[in-house]
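Undergrad: If it helps, the file is called structure04.pdb and holds PDB, C-alpha atoms and all ligand atoms:
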ATOM      1  CA  MET O   3     -32.860   1.086  -9.358
ATOM      2  CA  ASN O   4     -30.334  -0.744 -11.522
ATOM      3  CA  ASN O   5     -29.872   1.455 -14.582
ATOM      4  CA  CYS O   6     -28.047   4.337 -12.995
ATOM      5  CA  ILE O   7     -24.836   6.143 -13.863
ATOM      6  CA  PHE O   8     -22.662   8.491 -11.808
ATOM      7  CA  ILE O   9     -20.633  10.870 -13.968
ATOM      8  CA  THR O  10     -17.858  13.125 -12.717
ATOM      9  CA  GLY O  11     -17.128  16.277 -14.709
ATOM     10  CA  ALA O  12     -20.726  16.034 -15.917
ATOM     11  CA  ALA O  13     -21.380  19.745 -16.296
ATOM     12  CA  ALA O  14     -19.535  20.207 -19.598
ATOM     13  CA  GLY O  15     -18.003  18.539 -22.630
ATOM     14  CA  ILE O  16     -17.887  14.734 -22.768
ATOM     15  CA  GLY O  17     -19.498  14.266 -19.329
ATOM     16  CA  ARG O  18     -22.485  16.436 -20.223
ATOM     17  CA  GLU O  19     -23.055  14.578 -23.516
ATOM     18  CA  THR O  20     -22.827  11.278 -21.645
ATOM     19  CA  ALA O  21     -25.428  12.533 -19.140
ATOM     20  CA  ARG O  22     -27.756  13.518 -21.994
ATOM     21  CA  LEU O  23     -27.320  10.205 -23.796
ATOM     22  CA  PHE O  24     -27.922   8.006 -20.750
ATOM     23  CA  ALA O  25     -30.943  10.087 -19.661
ATOM     24  CA  SER O  26     -32.373   9.678 -23.181
ATOM     25  CA  LYS O  27     -31.974   5.889 -22.779
ATOM     26  CA  GLY O  28     -34.053   6.007 -19.584
ATOM     27  CA  TRP O  29     -31.147   5.775 -17.130
ATOM     28  CA  PHE O  30     -31.021   7.767 -13.898
ATOM     29  CA  VAL O  31     -28.033  10.108 -14.015
ATOM     30  CA  GLY O  32     -25.995  11.351 -11.059
ATOM     31  CA  ALA O  33     -24.140  14.380 -12.377
ATOM     32  CA  ALA O  34     -21.156  15.490 -10.290
ATOM     33  CA  ASP O  35     -19.034  18.525 -10.958
ATOM     34  CA  ARG O  36     -17.462  21.485  -9.207
ATOM     35  CA  ASP O  37     -19.224  23.946 -11.546
ATOM     36  CA  GLU O  38     -22.455  24.656  -9.677
ATOM     37  CA  ALA O  39     -24.068  26.923 -12.303
ATOM     38  CA  ALA O  40     -23.472  24.503 -15.172
ATOM     39  CA  LEU O  41     -24.836  21.638 -13.053
ATOM     40  CA  ALA O  42     -28.020  23.622 -12.368
ATOM     41  CA  SER O  43     -28.549  24.140 -16.103
ATOM     42  CA  LEU O  44     -28.045  20.394 -16.729
ATOM     43  CA  GLU O  45     -30.619  19.537 -14.055
ATOM     44  CA  SER O  46     -33.172  21.886 -15.557
ATOM     45  CA  GLU O  47     -32.465  20.390 -18.998
ATOM     46  CA  LEU O  48     -32.837  16.740 -17.916
ATOM     47  CA  GLY O  49     -35.366  17.171 -15.094
ATOM     48  CA  ASP O  50     -34.896  16.100 -11.487
ATOM     49  CA  ASP O  51     -36.792  12.850 -12.049
ATOM     50  CA  ARG O  52     -34.029  11.664 -14.429
ATOM     51  CA  CYS O  53     -31.066  13.401 -12.859
ATOM     52  CA  SER O  54     -29.573  14.332  -9.507
ATOM     53  CA  THR O  55     -26.776  16.875  -9.324
ATOM     54  CA  HIS O  56     -23.910  16.859  -6.843
ATOM     55  CA  ILE O  57     -21.424  19.608  -6.220
ATOM     56  CA  VAL O  58     -18.245  17.598  -6.013
ATOM     57  CA  ASP O  59     -14.586  18.438  -6.282
ATOM     58  CA  VAL O  60     -12.970  15.091  -7.074
ATOM     59  CA  VAL O  61      -9.838  15.947  -5.106
ATOM     60  CA  ASP O  62     -11.899  16.587  -1.970
ATOM     61  CA  GLU O  63     -12.671  13.220  -0.381
ATOM     62  CA  THR O  64     -15.489  14.583   1.795
ATOM     63  CA  SER O  65     -17.383  16.053  -1.136
ATOM     64  CA  VAL O  66     -16.845  12.869  -3.189
ATOM     65  CA  ARG O  67     -18.214  10.626  -0.435
ATOM     66  CA  GLN O  68     -21.142  12.980   0.207
ATOM     67  CA  GLY O  69     -21.991  13.169  -3.519
ATOM     68  CA  LEU O  70     -21.931   9.387  -3.869
ATOM     69  CA  ALA O  71     -24.029   8.890  -0.724
ATOM     70  CA  ASP O  72     -26.649  11.408  -1.912
ATOM     71  CA  PHE O  73     -26.765   9.685  -5.311
ATOM     72  CA  ALA O  74     -27.107   6.259  -3.673
ATOM     73  CA  SER O  75     -30.013   7.526  -1.578
ATOM     74  CA  ARG O  76     -31.883   8.046  -4.887
ATOM     75  CA  THR O  77     -30.880   4.673  -6.411
ATOM     76  CA  GLY O  78     -31.319   2.352  -3.437
ATOM     77  CA  GLY O  79     -27.575   1.990  -2.985
ATOM     78  CA  ARG O  80     -26.951   0.919  -6.595
ATOM     79  CA  LEU O  81     -24.282   2.198  -8.979
ATOM     80  CA  ARG O  82     -24.408   0.346 -12.288
ATOM     81  CA  LEU O  83     -21.907   2.522 -14.151
ATOM     82  CA  LEU O  84     -19.293   4.975 -12.919
ATOM     83  CA  HIS O  85     -18.027   7.314 -15.615
ATOM     84  CA  ASN O  86     -14.827   8.657 -14.104
ATOM     85  CA  ASN O  87     -14.524  11.610 -16.430
ATOM     86  CA  ALA O  88     -13.478  14.793 -14.584
ATOM     87  CA  GLY O  89     -10.109  15.993 -15.786
ATOM     88  CA  ILE O  90      -8.007  19.032 -16.553
ATOM     89  CA  LEU O  91      -5.314  19.809 -19.109
ATOM     90  CA  LYS O  92      -2.327  22.103 -19.063
ATOM     91  CA  VAL O  93      -0.479  22.535 -22.344
ATOM     92  CA  GLY O  94       2.881  24.152 -22.983
ATOM     93  CA  PRO O  95       6.605  23.727 -22.623
ATOM     94  CA  PHE O  96       7.194  21.726 -19.442
ATOM     95  CA  GLU O  97       9.608  24.203 -17.851
ATOM     96  CA  LYS O  98       7.329  27.193 -18.519
ATOM     97  CA  ILE O  99       4.360  25.708 -16.668
ATOM     98  CA  ASN O 100       4.753  26.238 -12.945
ATOM     99  CA  LEU O 101       4.905  23.250 -10.643
ATOM    100  CA  ALA O 102       1.611  24.106  -8.965
ATOM    101  CA  ALA O 103      -0.150  23.730 -12.335
ATOM    102  CA  HIS O 104       1.596  20.406 -13.066
ATOM    103  CA  ARG O 105       0.627  19.242  -9.580
ATOM    104  CA  ALA O 106      -3.022  20.234 -10.162
ATOM    105  CA  VAL O 107      -3.151  18.127 -13.346
ATOM    106  CA  VAL O 108      -1.893  15.062 -11.496
ATOM    107  CA  GLU O 109      -4.126  15.739  -8.484
ATOM    108  CA  VAL O 110      -7.358  16.026 -10.471
ATOM    109  CA  ASN O 111      -6.628  13.398 -13.141
ATOM    110  CA  VAL O 112      -5.025  10.763 -10.916
ATOM    111  CA  ILE O 113      -5.752  11.379  -7.212
ATOM    112  CA  GLY O 114      -9.265  12.631  -8.037
ATOM    113  CA  LEU O 115      -9.979   9.531 -10.107
ATOM    114  CA  MET O 116      -8.673   7.299  -7.322
ATOM    115  CA  THR O 117     -10.731   9.144  -4.713
ATOM    116  CA  VAL O 118     -13.915   8.552  -6.690
ATOM    117  CA  LEU O 119     -13.059   4.876  -7.301
ATOM    118  CA  HIS O 120     -12.382   4.398  -3.602
ATOM    119  CA  GLY O 121     -15.650   6.033  -2.564
ATOM    120  CA  ALA O 122     -17.676   4.245  -5.265
ATOM    121  CA  PHE O 123     -16.461   0.709  -4.571
ATOM    122  CA  PRO O 124     -19.147  -0.290  -1.992
ATOM    123  CA  TYR O 125     -21.955   0.830  -4.332
ATOM    124  CA  LEU O 126     -20.376  -0.865  -7.383
ATOM    125  CA  LYS O 127     -19.935  -4.052  -5.393
ATOM    126  CA  ALA O 128     -23.603  -3.970  -4.386
ATOM    127  CA  THR O 129     -24.741  -3.739  -8.022
ATOM    128  CA  PRO O 130     -24.763  -6.830 -10.257
ATOM    129  CA  GLY O 131     -22.769  -6.304 -13.465
ATOM    130  CA  ALA O 132     -21.320  -2.962 -12.388
ATOM    131  CA  GLN O 133     -18.911  -1.196 -14.715
ATOM    132  CA  VAL O 134     -16.403   1.625 -14.576
ATOM    133  CA  VAL O 135     -15.418   3.670 -17.613
ATOM    134  CA  ASN O 136     -12.376   5.801 -16.859
ATOM    135  CA  MET O 137     -11.280   8.575 -19.198
ATOM    136  CA  SER O 138      -7.683   8.169 -20.138
ATOM    137  CA  SER O 139      -6.638   9.586 -23.488
ATOM    138  CA  ALA O 140      -4.675   8.919 -26.640
ATOM    139  CA  SER O 141      -1.879  10.637 -24.746
ATOM    140  CA  ALA O 142      -1.792   7.558 -22.512
ATOM    141  CA  ALA O 143      -0.215   5.746 -25.446
ATOM    142  CA  TYR O 144       2.579   8.253 -25.991
ATOM    143  CA  GLY O 145       4.490  10.921 -24.151
ATOM    144  CA  ILE O 146       3.170  13.882 -26.100
ATOM    145  CA  PRO O 147       5.375  16.978 -26.280
ATOM    146  CA  ASP O 148       3.861  19.997 -24.473
ATOM    147  CA  PHE O 149       1.465  17.603 -22.696
ATOM    148  CA  ALA O 150       4.050  16.160 -20.286
ATOM    149  CA  SER O 151       2.106  16.197 -16.999
ATOM    150  CA  TYR O 152      -1.195  15.420 -18.751
ATOM    151  CA  SER O 153       0.370  12.460 -20.605
ATOM    152  CA  ALA O 154       1.881  11.242 -17.342
ATOM    153  CA  SER O 155      -1.489  11.494 -15.583
ATOM    154  CA  LYS O 156      -3.294   9.583 -18.333
ATOM    155  CA  HIS O 157      -0.647   6.837 -18.349
ATOM    156  CA  ALA O 158      -1.454   6.499 -14.641
ATOM    157  CA  VAL O 159      -5.174   6.199 -15.434
ATOM    158  CA  ARG O 160      -4.371   3.388 -17.930
ATOM    159  CA  ALA O 161      -2.380   1.536 -15.294
ATOM    160  CA  MET O 162      -5.116   1.959 -12.648
ATOM    161  CA  THR O 163      -7.642   0.626 -15.154
ATOM    162  CA  GLU O 164      -5.594  -2.462 -16.015
ATOM    163  CA  ALA O 165      -4.927  -3.228 -12.347
ATOM    164  CA  LEU O 166      -8.497  -2.776 -11.109
ATOM    165  CA  ASP O 167     -10.055  -4.644 -14.024
ATOM    166  CA  ILE O 168      -8.277  -7.742 -12.747
ATOM    167  CA  GLU O 169      -8.494  -6.926  -9.033
ATOM    168  CA  TRP O 170     -12.243  -6.245  -9.041
ATOM    169  CA  GLU O 171     -13.244  -9.095 -11.356
ATOM    170  CA  PRO O 172     -14.166 -11.339  -8.377
ATOM    171  CA  HIS O 173     -16.593  -8.584  -7.309
ATOM    172  CA  ASP O 174     -18.261  -8.652 -10.760
ATOM    173  CA  ILE O 175     -17.015  -5.144 -11.556
ATOM    174  CA  ARG O 176     -15.540  -4.501 -15.002
ATOM    175  CA  VAL O 177     -13.165  -1.600 -15.454
ATOM    176  CA  CYS O 178     -12.204  -0.139 -18.819
ATOM    177  CA  ASP O 179     -10.961   3.142 -20.182
ATOM    178  CA  LEU O 180     -11.495   5.222 -23.292
ATOM    179  CA  MET O 181      -8.546   6.763 -25.091
ATOM    180  CA  PRO O 182      -9.935   9.385 -27.419
ATOM    181  CA  PRO O 183      -7.676  11.780 -29.271
ATOM    182  CA  PHE O 184      -8.618  15.430 -29.794
ATOM    183  CA  VAL O 185     -12.257  16.019 -28.846
ATOM    184  CA  ASN O 186     -13.733  19.413 -29.491
ATOM    185  CA  THR O 187     -14.695  20.602 -25.985
ATOM    186  CA  GLY O 188     -13.912  23.543 -23.731
ATOM    187  CA  MET O 189     -10.796  21.709 -22.569
ATOM    188  CA  VAL O 190      -9.052  21.891 -25.931
ATOM    189  CA  GLN O 191     -10.654  25.140 -27.025
ATOM    190  CA  GLN O 192      -8.926  26.755 -24.039
ATOM    191  CA  ASN O 193      -5.632  25.201 -25.129
ATOM    192  CA  GLU O 194      -5.618  26.038 -28.807
ATOM    193  CA  GLN O 195      -1.903  25.684 -29.295
ATOM    194  CA  GLY O 196      -1.961  22.244 -27.720
ATOM    195  CA  SER O 197      -4.639  20.906 -30.016
ATOM    196  CA  ARG O 198      -2.498  21.596 -33.094
ATOM    197  CA  LEU O 199      -0.734  18.264 -32.767
ATOM    198  CA  PHE O 200      -3.980  16.310 -32.901
ATOM    199  CA  GLU O 201      -5.216  18.473 -35.759
ATOM    200  CA  ARG O 202      -2.113  17.540 -37.715
ATOM    201  CA  LEU O 203      -2.979  13.917 -37.095
ATOM    202  CA  GLY O 204      -6.322  14.701 -38.736
ATOM    203  CA  VAL O 205      -8.523  13.699 -35.825
ATOM    204  CA  ASN O 206     -11.354  15.815 -34.495
ATOM    205  CA  LEU O 207     -14.153  14.197 -32.519
ATOM    206  CA  THR O 208     -17.262  15.729 -31.029
ATOM    207  CA  PRO O 209     -18.209  14.830 -27.447
ATOM    208  CA  ASP O 210     -21.335  12.932 -28.506
ATOM    209  CA  VAL O 211     -19.079  10.392 -30.288
ATOM    210  CA  VAL O 212     -17.256   9.723 -27.024
ATOM    211  CA  ALA O 213     -20.567   9.505 -25.111
ATOM    212  CA  ALA O 214     -21.648   6.837 -27.614
ATOM    213  CA  GLN O 215     -18.486   4.910 -26.775
ATOM    214  CA  VAL O 216     -19.444   4.969 -23.088
ATOM    215  CA  TRP O 217     -22.862   3.573 -24.047
ATOM    216  CA  ALA O 218     -21.157   0.927 -26.211
ATOM    217  CA  GLN O 219     -19.485  -0.410 -23.062
ATOM    218  CA  VAL O 220     -22.949  -1.096 -21.620
ATOM    219  CA  GLU O 221     -24.206  -2.798 -24.759
ATOM    220  CA  GLN O 222     -21.058  -4.917 -25.208
ATOM    221  CA  PRO O 223     -19.948  -5.643 -21.681
ATOM    222  CA  ARG O 224     -17.391  -8.179 -22.852
ATOM    223  CA  LEU O 225     -15.591  -5.474 -24.765
ATOM    224  CA  HIS O 226     -13.928  -4.146 -21.678
ATOM    225  CA  ARG O 227     -10.585  -3.460 -23.287
ATOM    226  CA  PRO O 228      -8.993  -0.081 -23.890
ATOM    227  CA  VAL O 229     -10.847   1.753 -26.602
ATOM    228  CA  SER O 230      -8.817   4.260 -28.514
ATOM    229  CA  MET O 231     -11.328   4.975 -31.283
ATOM    230  CA  GLN O 232      -9.521   6.601 -34.166
ATOM    231  CA  PHE O 233      -6.239   5.791 -32.499
ATOM    232  CA  ARG O 234      -7.151   2.121 -32.302
ATOM    233  CA  ALA O 235      -5.059   1.327 -35.364
ATOM    234  CA  LEU O 236      -2.093   3.069 -33.810
ATOM    235  CA  TRP O 237      -2.421   1.398 -30.411
ATOM    236  CA  PRO O 238      -0.660  -1.879 -31.341
ATOM    237  CA  ILE O 239       2.134   0.142 -32.915
ATOM    238  CA  ALA O 240       2.455   2.278 -29.829
ATOM    239  CA  LYS O 241       2.544  -0.839 -27.669
ATOM    240  CA  SER O 242       4.974  -2.849 -29.778
ATOM    241  CA  ALA O 243       6.987  -0.569 -32.055
ATOM    242  CA  PRO O 244      10.331   0.571 -30.777
ATOM    243  CA  THR O 245       9.708   3.778 -28.851
ATOM    244  CA  SER O 246      12.289   5.397 -31.108
ATOM    245  CA  LEU O 247       9.885   5.010 -34.055
ATOM    246  CA  THR O 248       6.898   6.509 -32.209
ATOM    247  CA  ARG O 249       9.094   9.320 -30.966
ATOM    248  CA  ARG O 250      10.416  10.050 -34.435
ATOM    249  CA  VAL O 251       6.844  10.450 -35.764
ATOM    250  CA  LEU O 252       5.788  12.637 -32.836
ATOM    251  CA  ARG O 253       8.892  14.808 -33.150
ATOM    252  CA  LYS O 254       8.161  15.386 -36.827
ATOM    253  CA  LEU O 255       4.504  16.285 -36.189
ATOM    254  CA  TRP O 256       5.377  18.532 -33.268
ATOM    255  CA  ARG O 257       7.895  20.558 -35.283
ATOM    256  CA  GLN O 258       5.556  21.182 -38.228
TER
HETATM  257  P1  LIG U 301     -14.156  19.798 -20.237
HETATM  258  O1  LIG U 301     -13.146  20.764 -19.734
HETATM  259  O2  LIG U 301     -15.022  20.195 -21.375
HETATM  260  O3  LIG U 301     -15.070  19.293 -19.041
HETATM  261  C1  LIG U 301     -14.486  18.820 -17.850
HETATM  262  C2  LIG U 301     -15.463  18.936 -16.720
HETATM  263  O4  LIG U 301     -14.791  18.441 -15.554
HETATM  264  C3  LIG U 301     -15.886  20.372 -16.419
HETATM  265  O5  LIG U 301     -17.285  20.457 -16.242
HETATM  266  C4  LIG U 301     -15.148  20.710 -15.136
HETATM  267  O6  LIG U 301     -15.855  21.633 -14.302
HETATM  268  C5  LIG U 301     -15.042  19.337 -14.490
HETATM  269  N1  LIG U 301     -13.959  19.275 -13.516
HETATM  270  C6  LIG U 301     -12.671  19.640 -13.674
HETATM  271  N2  LIG U 301     -11.996  19.485 -12.537
HETATM  272  C7  LIG U 301     -12.868  18.975 -11.633
HETATM  273  C8  LIG U 301     -12.769  18.598 -10.270
HETATM  274  N3  LIG U 301     -11.625  18.746  -9.582
HETATM  275  N4  LIG U 301     -13.866  18.106  -9.655
HETATM  276  C9  LIG U 301     -15.040  17.984 -10.326
HETATM  277  N5  LIG U 301     -15.203  18.348 -11.601
HETATM  278  C10 LIG U 301     -14.132  18.835 -12.256
HETATM  279  O7  LIG U 301     -13.295  18.473 -20.615
HETATM  280  P2  LIG U 301     -13.622  17.265 -21.602
HETATM  281  O8  LIG U 301     -12.914  17.517 -22.870
HETATM  282  O9  LIG U 301     -15.056  16.985 -21.609
HETATM  283  O10 LIG U 301     -12.817  16.086 -20.891
HETATM  284  C11 LIG U 301     -13.442  15.088 -20.094
HETATM  285  C12 LIG U 301     -12.434  13.986 -19.838
HETATM  286  O11 LIG U 301     -12.005  13.414 -21.083
HETATM  287  C13 LIG U 301     -11.155  14.458 -19.135
HETATM  288  O12 LIG U 301     -10.726  13.478 -18.220
HETATM  289  C14 LIG U 301     -10.166  14.576 -20.273
HETATM  290  O13 LIG U 301      -8.831  14.453 -19.838
HETATM  291  C15 LIG U 301     -10.591  13.422 -21.148
HETATM  292  N6  LIG U 301     -10.188  13.552 -22.528
HETATM  293  C16 LIG U 301     -10.486  14.682 -23.252
HETATM  294  C17 LIG U 301     -10.049  14.800 -24.552
HETATM  295  C18 LIG U 301     -10.290  16.030 -25.348
HETATM  296  O14 LIG U 301      -9.626  16.185 -26.401
HETATM  297  N7  LIG U 301     -11.215  16.909 -24.981
HETATM  298  C19 LIG U 301      -9.279  13.730 -25.203
HETATM  299  C20 LIG U 301      -9.039  12.594 -24.350
HETATM  300  C21 LIG U 301      -9.474  12.517 -23.078
END
Rewrite the structure of this file - the entire thing - as structure tokens.
TA:
Amino acid sequence: MNNCIFITGAAAGIGRETARLFASKGWFVGAADRDEAALASLESELGDDRCSTHIVDVVDETSVRQGLADFASRTGGRLRLLHNNAGILKVGPFEKINLAAHRAVVEVNVIGLMTVLHGAFPYLKATPGAQVVNMSSASAAYGIPDFASYSASKHAVRAMTEALDIEWEPHDIRVCDLMPPFVNTGMVQQNEQGSRLFERLGVNLTPDVVAAQVWAQVEQPRLHRPVSMQFRALWPIAKSAPTSLTRRVLRKLWRQ
């Protein structure tokens, strides 16, 4: 089976919308998450002929490898698209968040992502035209105040994406990332104070818009460059403007 997608963090938010969208397009969806109850409700929504669910904690290598192997047993060893989406956010003044929480953000968002990439490589390699869509974030373009460890983790995702897109090209595997700004999901709803910055920037996406961007990567496989959506216009500025300018704007928005 060639049209198959494995999604981490599939039980909620962006991952769940991506699962729904790909299932509606006739793809077979492997939905991985650590939230067992939410996974069960997704499976009953999509049906077990269109979806397999896998209880996976992305920081636990054994569960990642088991989840991928179980998925591959349904797809004949194929993995056409890996949506590396599981992530967590911790918002607040850097010094007031304890180190264990900062460490968890980096572990899930960076080590977890790497663990899944490592485990998925043999299946991606075995699938012609395989693609990876990592979730970085608009905060991978800036160091956002109150998002220090999250911003750091998403910068790491950007760098992993750039490196692997080149490194895995000989294996016919394209790697890109999406860089959405504020998306209205449980992640930001639980961190209301942290979403204020993005609200001031006037951006508010729903998860189905991001899911459509994942699908767009399938339809336009040559467009495997970072996609920042509403931040796209700001991306060249962030890349080329003196950091002092970007920082001045952020400082102003943060203090409002
Ligand atoms: P969410 O909190 O709504 O959903 C995240 C899902 O990941 C949950 O189902 C959760 O159980 C799962 N998860 C968390 N840790 C896990 C782990 N260790 N192993 C397996 N599953 C785990 O979050 P949302 O908003 O859907 O975010 C998805 C991705 O998009 C994340 O990587 C996030 O950083 C990124 N993103 C989100 C934005 C937003 O504003 N919501 C903006 C930019 C990027």
Undergrad: Please indicate the distance in Å from CA of Asn4 (chain O) to CA of Gly28 (chain O), rounded to one decimal place.
TA: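 Distance between the two atoms: 11.2 Å.
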Undergrad: Distance limit 7 Å, reference ligand LIG 301 (chain U), atoms considered: all atoms listed in the file. Which residues make the cut? Give them as an MDAnalysis selection string.
TA: chainID O and resid 10:17 34:37 58:61 87:91 110:111 114 137:140 181:190 209
Undergrad: Between O:Glu109, O:Ile9, O:Glu63, O:Thr55, which residue has the minimum interatomic distance to Tyr152 (chain O), considering all atoms listed in the file?
TA: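 Ranked by minimum distance to Tyr152 (chain O), first place goes to O:Glu109.
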Undergrad: Hey, can you check how far CA of His85 (chain O) sits from CA of Gln68 (chain O)?
TA: 17.1 Å
Undergrad: Give me the result of the PyMOL selection byres (((chain O and resi 131) around 10) and not hetatm) on this file, residue by residue, as a tab-separated table (two decimals) with C-alpha atoms, keeping the file's coordinate frame.
TA:
chain	number	residue	atom	x	y	z
O	4	ASN	CA	-30.33	-0.74	-11.52
O	81	LEU	CA	-24.28	2.20	-8.98
O	82	ARG	CA	-24.41	0.35	-12.29
O	83	LEU	CA	-21.91	2.52	-14.15
O	126	LEU	CA	-20.38	-0.86	-7.38
O	127	LYS	CA	-19.93	-4.05	-5.39
O	128	ALA	CA	-23.60	-3.97	-4.39
O	129	THR	CA	-24.74	-3.74	-8.02
O	130	PRO	CA	-24.76	-6.83	-10.26
O	132	ALA	CA	-21.32	-2.96	-12.39
O	133	GLN	CA	-18.91	-1.20	-14.72
O	173	HIS	CA	-16.59	-8.58	-7.31
O	174	ASP	CA	-18.26	-8.65	-10.76
O	175	ILE	CA	-17.02	-5.14	-11.56
O	176	ARG	CA	-15.54	-4.50	-15.00
O	220	VAL	CA	-22.95	-1.10	-21.62
O	223	PRO	CA	-19.95	-5.64	-21.68
Undergrad: Sort by chain and increasing residue number a table of all residues of region 107-206 of chain O within 7 Å of region 94-103 of chain O, each with its closest pair of atoms and their distance in Å to one decimal, counting all atoms listed in the file, and write it as CSV.
TA:
residue,atom,partner,partner_atom,distance
O:Val107,CA,O:Ala103,CA,6.4
O:Asp148,CA,O:Gly94,CA,4.5
O:Phe149,CA,O:Gly94,CA,6.7
O:Ala150,CA,O:Phe96,CA,6.4
Undergrad: Could you tell me how far CA of Asp51 (chain O) lies from CA of Ala71 (chain O), in Å and to one decimal?
TA: 17.5 Å
Undergrad: At a cut-off of 10 Å, using all atoms listed in the file, what residues contact Arg160 (chain O)? Leave out same-chain residues fewer than 2 positions from it and give the result as JSON, numbers by chain.
TA: {"O": [136, 137, 138, 139, 142, 143, 155, 156, 157, 158, 162, 163, 164, 165, 178, 179, 180, 181, 228]}
